[in-house]
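Peer 1: The structure is given below, and queries will be raised subsequently.
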Amino acid sequence: VGSNRQWILNAAFVSGFLLSFSLILAIGPQNAFVLRQGLLRQHVFPIAVFCASSDIILILLGIFGFGSIISDFDGFSQYMFIIGGFWLSGYGILRLKGAYLADSFLEASNEEESDLKLVLMNCAVLTWLNPHVYIDTLILIGTVSIRFEDTVQFGFGACFASILFFFSLAFGARVLSPLMRSKKAWQILDVIIAIVMIALAYSMFLEAL
């Protein structure tokens, strides 16, 4: 039991989880689509599996592809830490702005969408044709991963966050929908996300020094 608890509290695992979860929580069309399908109770499981699987593929490519490549170039990885620090700082500032303006909330459309193939095609477009997903997973998560010796645990944490988020959003949509539509709740969430992002940015700047 003690060893399992130590594994769960591993710094790499926790950092991967927090970074991935914070990035996914940023409101986007994919999240609105998953929420909408959850509210309609249509193709909920395939959508959750598709989104989580897509994220996992990109996260692993970022950690064991991009991350492993830049780790071989000390000077380049230092620049990537600086760029990643600024990127995360920008995310944090945007979330603080969102909290101040109270403009962050999700609404789901009530349009009917019964064909599974079409639903998955729409989900694929929202997932794979979104340039931000590549910046977040391949570049940002890949860059942060080289800070840790145990990149496997970091990857587990990041992937677990994705699985937890998409399945919770899809299957808990009807329970979460009042919260998702509450501007006050999103203000609090935006502040929490901003704190996590800025803390991670600070650690990346320290790594670059």
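We name chains A, B, ... following the order of the structure tokens; residues begin at 1 in each chain, and ligands are numbered from 1 as shown.
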So that I can check the surroundings of region 49-62 of chain A, please list as a ChimeraX atom specification every protein, DNA and RNA residue that reaches within 10 Å of it, counting only C-alpha atoms and ignoring chain neighbours fewer than 4 positions away.
Peer 2: /A:20,24,30-31,34,44-45,66-69,120,123-124,126-128,133-145,151-152,155-156,158-167,170
Peer 1: Select from region 45-125 of chain A everything DSSP, run on the backbone, classes as alpha helix (DSSP H), then give the selection as a VMD selection string.
Peer 2: chain A and resid 45 to 61 67 to 70 74 to 101 116 to 125
Peer 1: Can you pull out the residues contacting Ala194 (chain A)? Cut-off 12 Å, using only C-alpha atoms, and skip same-chain residues under 3 positions away; I want them as a ChimeraX atom specification.
Peer 2: /A:18-19,22-23,25-26,88-100,186-191,197-201
Peer 1: Find the residues around Gln153 (chain A) up to 10 Å (only C-alpha atoms counted), leave out those fewer than 4 positions away in its own chain, and share them as a PyMOL selection string.
Peer 2: chain A and resi 7-8+10-17+145+148-149+157-159
Peer 1: Quote the spacing between CA of Pro178 (chain A) and CA of Ile47 (chain A) in Å to one decimal place.
Peer 2: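 It comes out at 21.2 Å.
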Peer 1: If we count only C-alpha atoms, what is near Gly75 (chain A) at a cut-off of 12 Å, once residues fewer than 6 positions away on the same chain are taken out, given as a list in words?
Peer 2: Phe81, Ile82, Ala208 and Leu209 of chain A
Peer 1: Let me see the file: selected residues, N, CA and C atoms, as a PDB file, in the first residue's frame.
Peer 2:
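Written file, selection.pdb:
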```pdb
ATOM      1  N   PHE A  81      12.263  25.695 -23.026  1.00  0.00           N
ATOM      2  CA  PHE A  81      11.758  25.979 -21.680  1.00  0.00           C
ATOM      3  C   PHE A  81      11.321  27.435 -21.567  1.00  0.00           C
ATOM      4  N   ILE A  82      12.098  28.331 -22.164  1.00  0.00           N
ATOM      5  CA  ILE A  82      11.747  29.751 -22.123  1.00  0.00           C
ATOM      6  C   ILE A  82      10.456  30.004 -22.900  1.00  0.00           C
ATOM      7  N   ALA A 208      15.338  26.926 -17.198  1.00  0.00           N
ATOM      8  CA  ALA A 208      16.104  27.508 -18.306  1.00  0.00           C
ATOM      9  C   ALA A 208      17.325  28.282 -17.829  1.00  0.00           C
ATOM     10  N   LEU A 209      17.351  28.664 -16.542  1.00  0.00           N
ATOM     11  CA  LEU A 209      18.465  29.469 -16.016  1.00  0.00           C
ATOM     12  C   LEU A 209      19.731  28.623 -15.825  1.00  0.00           C
TER      13      LEU A 209
END
```
Peer 1: Rounded to one decimal place, report the CA of Pro29 (chain A)-CA of Val196 (chain A) distance in Å.
Peer 2: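 Between CA of Pro29 (chain A) and CA of Val196 (chain A) the gap is 22.4 Å.
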Peer 1: Using only C-alpha atoms, which of the listed residues (A:Gly172, A:Asp115, A:Leu101, A:Met121) sits closest to Gln42 (chain A)?
Peer 2: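 Closest to Gln42 (chain A), using only C-alpha atoms: A:Asp115.
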Peer 1: Rounded to one decimal, what separation in Å do you get between CA of Met204 (chain A) and CA of Arg147 (chain A)?
Peer 2: 8.5 Å
